[in-house]
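Listing of work_13.txt; format and content: compact mmCIF, C-alpha atoms.
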# COMPACT_ATOMS: atom_id res chain seq x y z
CA LEU A 187 -7.02 2.62 -30.56
CA GLN A 188 -6.91 -0.41 -32.85
CA GLN A 189 -9.68 1.10 -34.99
CA LYS A 190 -7.72 4.35 -35.34
CA PHE A 191 -4.61 2.42 -36.34
CA LEU A 192 -6.53 0.44 -38.97
CA SER A 193 -8.11 3.64 -40.27
CA ARG A 194 -4.70 5.31 -40.65
CA LEU A 195 -3.31 2.21 -42.32
CA ALA A 196 -6.22 2.16 -44.81
CA GLY A 197 -5.74 5.88 -45.49
CA SER A 198 -2.05 5.37 -46.12
CA ARG A 199 -2.76 2.49 -48.50
CA PHE A 200 -5.33 4.60 -50.36
CA ARG A 201 -2.88 7.47 -50.86
CA GLU A 202 -0.24 5.06 -52.15
CA LEU A 203 -2.64 3.47 -54.66
CA ASN A 204 -4.01 6.88 -55.63
CA GLU A 205 -0.53 8.18 -56.45
CA GLU A 206 0.22 5.03 -58.44
CA LEU A 207 -2.93 5.42 -60.55
CA TYR A 208 -2.06 9.02 -61.39
CA THR A 209 1.55 8.32 -62.35
CA THR A 210 1.28 5.19 -64.50
CA THR A 211 -0.40 4.33 -67.79
CA SER A 212 -3.85 2.75 -67.80
CA THR A 213 -2.34 -0.43 -69.26
CA SER A 214 0.03 -0.79 -66.29
CA ALA A 215 -2.78 -0.01 -63.83
CA LEU A 216 -5.04 -2.61 -65.45
CA GLU A 217 -2.37 -5.29 -65.18
CA ARG A 218 -1.58 -4.38 -61.56
CA PHE A 219 -5.20 -4.34 -60.37
CA GLN A 220 -6.24 -7.46 -62.23
CA GLN A 221 -3.34 -9.38 -60.74
CA ASN A 222 -4.48 -8.28 -57.29
CA PRO A 223 -8.22 -7.34 -57.33
CA THR A 224 -8.23 -6.60 -53.58
CA LEU A 225 -6.28 -3.42 -54.37
CA PHE A 226 -9.36 -2.18 -56.24
CA GLU A 227 -11.55 -2.54 -53.16
CA GLN A 228 -8.89 -1.00 -50.91
CA TYR A 229 -8.63 2.01 -53.21
CA HIS A 230 -12.37 2.58 -53.49
CA GLU A 231 -12.92 2.07 -49.77
CA GLY A 232 -10.45 4.89 -49.18
CA PHE A 233 -12.07 6.96 -51.90
CA ARG A 234 -15.53 6.52 -50.37
CA THR A 235 -14.13 7.77 -47.05
CA GLN A 236 -12.77 10.89 -48.78
CA VAL A 237 -16.07 11.59 -50.55
CA LYS A 238 -18.00 11.50 -47.26
CA SER A 239 -16.23 14.71 -46.21
CA TRP A 240 -17.26 16.53 -49.39
CA PRO A 241 -20.35 18.76 -49.33
CA THR A 242 -21.41 17.35 -52.71
CA ASN A 243 -20.64 14.11 -54.53
CA PRO A 244 -19.86 14.74 -58.23
CA VAL A 245 -21.64 11.48 -59.11
CA ASP A 246 -24.88 13.04 -57.83
CA VAL A 247 -24.27 16.16 -59.92
CA ILE A 248 -23.77 14.13 -63.11
CA TYR A 249 -26.79 11.96 -62.27
CA LYS A 250 -29.06 15.01 -61.95
CA TRP A 251 -27.71 16.44 -65.21
CA ILE A 252 -28.41 13.18 -67.08
CA ILE A 253 -31.98 13.06 -65.70
CA SER A 254 -32.50 16.66 -66.80
CA TYR A 255 -30.99 15.92 -70.22
CA TYR A 256 -33.27 12.91 -70.54
CA HIS A 257 -36.40 14.92 -69.78
CA GLN A 258 -35.43 17.54 -72.34
CA SER A 259 -34.74 14.86 -74.94
CA TRP A 260 -38.04 13.17 -74.14
CA LYS A 261 -40.00 16.37 -74.71
CA VAL A 262 -38.24 17.13 -77.98
CA ALA A 263 -38.70 13.58 -79.25
CA GLU A 264 -42.32 13.52 -78.11
CA GLU A 265 -43.08 16.78 -79.93
CA ALA A 266 -41.30 15.48 -83.03
CA ASN A 267 -43.39 12.33 -82.81
CA GLY A 268 -46.50 14.48 -82.66
CA ASN A 269 -48.43 12.21 -80.31
CA GLY A 270 -48.78 14.67 -77.44
CA ASN A 271 -49.66 11.98 -74.88
CA ASP A 272 -47.94 10.27 -71.97
CA ASN A 273 -47.48 6.80 -73.38
CA GLY A 274 -43.75 7.31 -74.01
CA ASN A 275 -43.79 5.94 -77.55
CA ALA A 276 -41.25 8.55 -78.64
CA LEU A 277 -38.38 6.96 -76.71
CA GLU A 278 -39.83 3.57 -75.84
CA HIS A 279 -37.58 1.81 -78.35
CA ARG A 280 -34.66 4.23 -78.08
CA LYS A 281 -32.94 4.26 -74.73
CA LEU A 282 -30.40 6.91 -73.85
CA ARG A 283 -27.04 5.15 -74.04
CA ILE A 284 -24.43 6.11 -71.45
CA ALA A 285 -20.80 5.07 -70.99
CA ASP A 286 -19.26 5.68 -67.55
CA PHE A 287 -15.47 5.55 -67.90
CA GLY A 288 -13.72 4.76 -64.61
CA CYS A 289 -17.01 4.08 -62.85
CA GLY A 290 -15.55 3.00 -59.49
CA ASP A 291 -18.25 0.96 -57.78
CA ALA A 292 -20.78 1.87 -60.52
CA LYS A 293 -22.98 4.06 -58.30
CA LEU A 294 -23.93 6.25 -61.25
CA GLY A 295 -25.07 3.25 -63.30
CA GLU A 296 -26.90 1.82 -60.29
CA LYS A 297 -28.85 5.04 -59.76
CA LEU A 298 -29.65 5.50 -63.45
CA LEU A 299 -30.87 1.92 -63.88
CA ALA A 300 -33.17 2.37 -60.86
CA PHE A 301 -34.73 5.49 -62.39
CA ARG A 302 -38.31 5.33 -63.68
CA PRO A 303 -39.79 8.32 -65.55
CA ASN A 304 -43.03 8.46 -63.60
CA SER A 305 -41.79 7.41 -60.18
CA ASN A 306 -41.61 10.93 -58.77
CA THR A 307 -43.44 13.02 -61.36
CA ASN A 308 -46.99 11.68 -61.37
CA SER A 309 -49.64 14.31 -60.95
CA LYS A 310 -52.77 13.73 -58.85
CA LYS A 311 -54.67 13.35 -62.09
CA LYS A 312 -52.42 10.52 -63.30
CA LYS A 313 -52.62 8.78 -59.91
CA LYS A 314 -56.41 8.99 -59.96
CA LYS A 315 -56.52 7.63 -63.50
CA LYS A 316 -54.24 4.75 -62.56
CA LYS A 317 -56.37 3.96 -59.51
CA GLU A 318 -59.56 3.92 -61.56
CA SER A 319 -58.04 1.65 -64.18
CA GLY A 320 -56.72 -0.70 -61.51
CA LYS A 321 -53.31 -0.84 -63.21
CA GLY A 322 -50.17 -0.48 -61.16
CA SER A 323 -47.91 0.50 -64.04
CA ASN A 324 -47.87 1.88 -67.56
CA THR A 325 -45.56 1.84 -70.55
CA ASN A 326 -43.56 4.72 -69.10
CA THR A 327 -42.23 2.80 -66.08
CA LYS A 328 -39.37 1.13 -67.92
CA CYS A 329 -35.86 2.40 -67.34
CA PRO A 330 -35.02 4.77 -70.22
CA PHE A 331 -31.25 4.23 -69.93
CA LYS A 332 -28.74 1.73 -71.22
CA VAL A 333 -25.63 2.11 -69.05
CA HIS A 334 -22.15 0.72 -69.69
CA SER A 335 -19.93 0.99 -66.60
CA PHE A 336 -16.18 0.47 -67.08
CA ASP A 337 -13.32 0.16 -64.62
CA LEU A 338 -10.12 -1.81 -64.11
CA VAL A 339 -11.74 -4.54 -61.98
CA ALA A 340 -15.35 -5.70 -61.51
CA ASN A 341 -14.86 -7.40 -58.13
CA GLY A 342 -18.11 -9.31 -58.52
CA ASN A 343 -20.16 -6.25 -59.48
CA LYS A 344 -22.31 -7.33 -62.43
CA LEU A 345 -22.73 -3.73 -63.59
CA ILE A 346 -19.00 -3.29 -64.21
CA THR A 347 -17.12 -4.38 -67.31
CA PRO A 348 -13.39 -4.63 -66.45
CA CYS A 349 -11.12 -3.11 -69.11
CA ASP A 350 -8.60 -0.43 -69.99
CA MET A 351 -10.34 2.97 -70.35
CA SER A 352 -8.42 3.51 -73.58
CA ASP A 353 -9.93 0.37 -75.09
CA VAL A 354 -13.56 -0.27 -74.11
CA PRO A 355 -15.72 -2.98 -75.72
CA LEU A 356 -18.17 -0.71 -77.54
CA LYS A 357 -18.92 -0.14 -81.23
CA ASN A 358 -18.19 3.12 -83.01
CA ASN A 359 -20.85 5.84 -82.63
CA SER A 360 -22.87 3.76 -80.18
CA ILE A 361 -23.11 6.08 -77.14
CA ASP A 362 -25.14 9.25 -76.51
CA ILE A 363 -23.39 10.41 -73.32
CA GLY A 364 -19.84 9.73 -72.19
CA VAL A 365 -18.89 10.37 -68.56
CA PHE A 366 -15.61 10.73 -66.66
CA VAL A 367 -16.23 11.40 -62.96
CA LEU A 368 -12.86 11.93 -61.25
CA ALA A 369 -11.55 9.33 -63.69
CA LEU A 370 -8.89 11.13 -65.74
CA MET A 371 -6.16 9.18 -63.97
CA GLY A 372 -2.90 8.08 -65.52
CA THR A 373 -0.32 9.45 -67.89
CA ASN A 374 -2.29 8.66 -71.07
CA ILE A 375 -5.44 10.77 -70.57
CA ALA A 376 -5.55 11.64 -74.28
CA ASP A 377 -6.05 7.95 -75.08
CA PHE A 378 -9.21 7.94 -72.91
CA ILE A 379 -10.57 10.96 -74.75
CA ARG A 380 -9.82 9.43 -78.15
CA GLU A 381 -11.74 6.33 -77.08
CA ALA A 382 -14.68 8.44 -75.88
CA HIS A 383 -14.67 10.21 -79.24
CA ARG A 384 -14.77 6.87 -81.05
CA VAL A 385 -17.82 5.53 -79.21
CA LEU A 386 -19.86 8.75 -79.06
CA THR A 387 -22.40 9.54 -81.78
CA PRO A 388 -21.80 12.72 -83.84
CA SER A 389 -24.34 14.51 -81.60
CA GLY A 390 -23.06 12.86 -78.42
CA VAL A 391 -22.14 14.73 -75.25
CA LEU A 392 -19.07 14.24 -73.08
CA LYS A 393 -19.23 15.23 -69.38
CA ILE A 394 -16.11 15.50 -67.25
CA ALA A 395 -16.09 16.17 -63.50
CA GLU A 396 -12.64 16.66 -61.99
CA VAL A 397 -11.03 18.04 -58.84
CA ARG A 398 -10.45 21.74 -59.44
CA SER A 399 -6.90 21.74 -58.10
CA ARG A 400 -5.85 19.50 -60.99
CA PHE A 401 -6.67 22.25 -63.50
CA GLU A 402 -6.37 25.43 -61.47
CA SER A 403 -3.70 27.33 -59.58
CA THR A 404 -4.13 30.26 -57.23
CA ILE A 405 -2.43 33.60 -57.86
CA ILE A 406 -2.06 36.03 -54.95
CA LEU A 407 -2.91 39.61 -55.86
CA ASP A 408 -0.98 42.34 -54.03
CA ASP A 409 -2.36 45.87 -54.37
CA GLY A 410 -3.98 44.93 -57.65
CA HIS A 411 -0.82 43.41 -59.15
CA ALA A 412 -0.69 39.67 -59.83
CA ASN A 413 2.20 37.65 -58.44
CA ALA A 414 2.82 34.03 -57.60
CA GLY A 415 2.83 34.65 -53.84
CA PHE A 416 6.60 35.11 -53.49
CA ASN A 417 7.22 38.70 -54.62
CA MET A 418 6.19 40.13 -51.25
CA SER A 419 8.74 39.33 -48.54
CA ALA A 420 7.76 38.24 -45.03
CA THR A 421 9.05 41.57 -43.68
CA THR A 422 6.91 43.52 -46.17
CA LYS A 423 3.82 41.51 -45.27
CA LYS A 424 4.49 42.05 -41.58
CA GLN A 425 4.86 45.79 -42.11
CA GLN A 426 1.70 45.80 -44.27
CA ASN A 427 -0.25 44.10 -41.48
CA LYS A 428 1.16 46.52 -38.93
CA ASN A 429 0.10 49.51 -41.00
CA ASN A 430 -3.34 48.04 -41.61
CA LYS A 431 -3.84 47.33 -37.90
CA LYS A 432 -3.32 51.00 -37.18
CA GLN A 433 -6.07 51.73 -39.67
CA GLN A 434 -8.13 48.85 -38.24
CA GLN A 435 -8.02 47.17 -41.62
CA PRO A 436 -6.19 43.81 -41.42
CA TYR A 437 -4.31 42.81 -44.55
CA VAL A 438 -6.25 40.31 -46.63
CA ALA A 439 -4.52 38.90 -49.67
CA LYS A 440 -6.72 38.78 -52.75
CA LYS A 441 -6.72 35.58 -54.76
CA GLN A 442 -7.32 34.90 -58.41
CA VAL A 443 -7.75 31.61 -60.22
CA ASP A 444 -5.10 30.82 -62.81
CA ASP A 445 -6.65 28.79 -65.66
CA THR A 446 -3.43 28.08 -67.56
CA ILE A 447 -3.60 24.30 -67.08
CA LEU A 448 -7.34 24.22 -67.78
CA ASN A 449 -6.89 26.22 -70.98
CA ASN A 450 -4.12 23.87 -72.08
CA PHE A 451 -6.47 20.95 -71.47
CA LEU A 452 -9.25 22.59 -73.50
CA ASP A 453 -6.78 23.21 -76.35
CA VAL A 454 -5.83 19.53 -76.30
CA MET A 455 -9.52 18.58 -76.24
CA GLU A 456 -9.99 20.58 -79.44
CA GLU A 457 -7.12 18.65 -81.01
CA LEU A 458 -8.97 15.50 -79.94
CA GLY A 459 -12.23 16.57 -81.62
CA PHE A 460 -14.15 18.15 -78.73
CA GLN A 461 -15.33 21.68 -78.02
CA CYS A 462 -16.13 22.82 -74.49
CA ILE A 463 -19.62 24.34 -74.41
CA LYS A 464 -20.00 24.75 -70.66
CA ARG A 465 -17.88 25.17 -67.52
CA ASP A 466 -19.55 24.70 -64.14
CA ARG A 467 -17.60 25.99 -61.13
CA GLN A 468 -20.46 26.14 -58.65
CA ASN A 469 -18.79 23.56 -56.43
CA LYS A 470 -15.62 24.58 -54.58
CA MET A 471 -14.17 21.07 -54.81
CA PHE A 472 -14.58 20.15 -58.47
CA ILE A 473 -15.28 21.53 -61.91
CA VAL A 474 -17.76 20.06 -64.41
CA LEU A 475 -17.05 20.45 -68.13
CA GLU A 476 -19.40 19.70 -71.01
CA PHE A 477 -18.20 18.95 -74.54
CA ASN A 478 -19.67 18.39 -77.99
CA LYS A 479 -17.93 16.67 -80.87
CA THR A 480 -16.63 19.08 -83.51
CA GLY A 481 -16.49 16.65 -86.42
CA LYS A 482 -12.71 16.91 -86.41
CA ARG A 483 -10.72 13.67 -86.38
CA PRO A 484 -8.75 13.32 -83.11
CA SER A 485 -5.03 13.95 -83.35
CA LYS A 486 -2.91 10.84 -82.84
CA HIS A 487 -0.12 12.92 -81.34
CA ALA A 488 -1.99 15.10 -78.82
CA SER A 489 -1.22 14.33 -75.19
CA PHE A 490 -2.07 15.76 -71.79
CA THR A 491 -1.33 14.98 -68.15
CA ALA A 492 -3.10 16.99 -65.45
CA LYS A 493 -1.69 17.56 -61.98
CA PRO A 494 -2.20 14.48 -59.80
CA CYS A 495 -4.77 14.76 -57.04
CA ILE A 496 -2.87 14.15 -53.81
CA TYR A 497 -5.12 13.70 -50.76
CA LYS A 498 -3.93 15.12 -47.44
CA ARG A 499 -3.15 12.94 -44.48
CA ARG A 500 -5.89 13.04 -41.85
Could you rewrite the structure in this file as C-alpha cells?
Amino acid sequence: LQQKFLSRLAGSRFRELNEELYTTTSTSALERFQQNPTLFEQYHEGFRTQVKSWPTNPVDVIYKWIISYYHQSWKVAEEANGNGNDNGNALEHRKLRIADFGCGDAKLGEKLLAFRPNSNTNSKKKKKKKKESGKGSNTNTKCPFKVHSFDLVANGNKLITPCDMSDVPLKNNSIDIGVFVLALMGTNIADFIREAHRVLTPSGVLKIAEVRSRFESTIILDDGHANAGFNMSATTKKQQNKNNKKQQQPYVAKKQVDDTILNNFLDVMEELGFQCIKRDRQNKMFIVLEFNKTGKRPSKHASFTAKPCIYKRR
C-alpha cells in the first residue's frame, strides 16, 4: 500500500513538472532546475516510468538511424578516399559530431559512445585473420562519434553539459547531426531551432522525434464527410447504430489525421532555415522528422509553440 502511495505521489510530481516545462521559457526552467537539481531526477524518474509502457523508445529509433547514417557516410568517405580496405583511414581523424539537445539522462550519448564499428559486423574471415595475427583489436575499434549531450542539469552525469537549449556552448558550424528527442519543451521552441541552425554545418542534419499528439489532431469522418466530431448528435449516432445493427453492420466512425499544427510547424521551420525531407509515422506514439539546412538565414521573429504533452493519470 505504501509503495502504491509513493508511486502515485511520484506520478503526480512528474505531471506537475512536465506541465511546468511545457508552459515556461527555457531560461525560467534552467533557473528553476538548477536551484533545485533534485527536481531533474524526479522528472526523469517519472519519464522513465512512462517510457517503459511504450512499445518503442524514440531514443532507440534515433540511435539506429545515426548508426545507419554513419555506415553510409563511412562507405562514401572510404570510396572517396580510394583505399578500398578496412583500416578505417577515411574517417579515422574525422568523427561524426552529434549534439543531443534536451538529452535527459544522456542514454543516446551513452549508447553512441559505446559503439564500435566492428563489434557486431566482423565476418568469419576477419575473425580468422585477427586470430592468426594474435591481435585483439584494429584501428577500426575506436568510437567514431563525438557526442555533446545538453540538458538543464547534469546531476553528476559526466556526459551532460548543463545549459539552456537556446544557448549551448558550441562553435558555429561545428556539428554534423542535431537531435531533439521529445525535447521541444517550453514556450520558446524557435530559439532552440535557431541555436541548432547555428551549430550545424551547412550539410548538417537535424532529427526531431516528438509525441504525435503534439502535432496532430483527429477528425471524425461521417459518411465520407469530415467533421470535428460534434456535427452528429448523440440521438443520430444512436439511430445510426440501431440501423446498422439490423443490417449486422455496427457503426464504426472513420478517423483522419489533421496535420494543421504539423504543417504550421514545418512552415516555421522553413522560416528558421530548415526543410523537412522525411516524415516517419511508423510508430503510433511519436513522429520522427528529418531536416536539412536550406542556406536561408533564420528569421529572428518566427515563433512556435506546440501542444503540451499531458500524461494521463494511472
Identify, on the basis of only C-alpha atoms, every residue whose closest approach to Asn243 in chain A does not exceed 12 Å; exclude the query and any residue fewer than 6 positions from it along the same chain; express the result as a VMD selection string.
chain A and resid 233 to 237 249 to 250 293 to 294 367 to 368 395 to 397 469 to 474
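Counting from CA of Lys238 in chain A, the distance to CA of Phe200 in chain A is 14.8 Å.
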Under the rule that all atoms listed in the file are counted, which of A:Arg283, A:Lys441, A:Lys344, A:Arg483 is the nearest residue to Ile379 in chain A?
A:Arg483
Closest of A:His334, A:Lys328, A:Arg467, A:Lys493 to Phe451 in chain A - atom-to-atom distances counting all atoms listed in the file:
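For Phe451 in chain A, the nearest of the given residues is A:Lys493.
The shortest atom-to-atom distance to Glu231 in chain A, with all atoms listed in the file taken into account, belongs to A:Asp291 out of A:Asp337, A:Glu476, A:Asp291, A:Asp350.
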So the first atom is CA of Ser485 in chain A and the second is CA of Leu452 in chain A; what is the distance between them in Å, to one decimal place?
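One can read the CA of Ser485 in chain A to CA of Leu452 in chain A distance as 13.8 Å.
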Among the residues A:Lys281, A:Lys332, A:His383, A:Arg302, the one that comes closest to Ser352 in chain A [using all atoms listed in the file]:
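Closest candidate: A:His383.
Using only C-alpha atoms, the residues found no farther than 9 Å from Leu448 in chain A, other than those of its own chain fewer than 6 positions away, are Arg400, Phe401, Glu402 and Ala492 of chain A.
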Would you work out the distance separating CA of Tyr208 in chain A from CA of Gly390 in chain A, expressed in Å to one decimal?
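Computing the Euclidean distance for CA of Tyr208 in chain A and CA of Gly390 in chain A yields 27.3 Å.
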Option closest in space to Gly290 in chain A, from A:Gln258, A:Asn341, A:Asn449, A:Ser239 [counting only C-alpha atoms]:
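With only C-alpha atoms as the atom set, the closest residue is A:Asn341.
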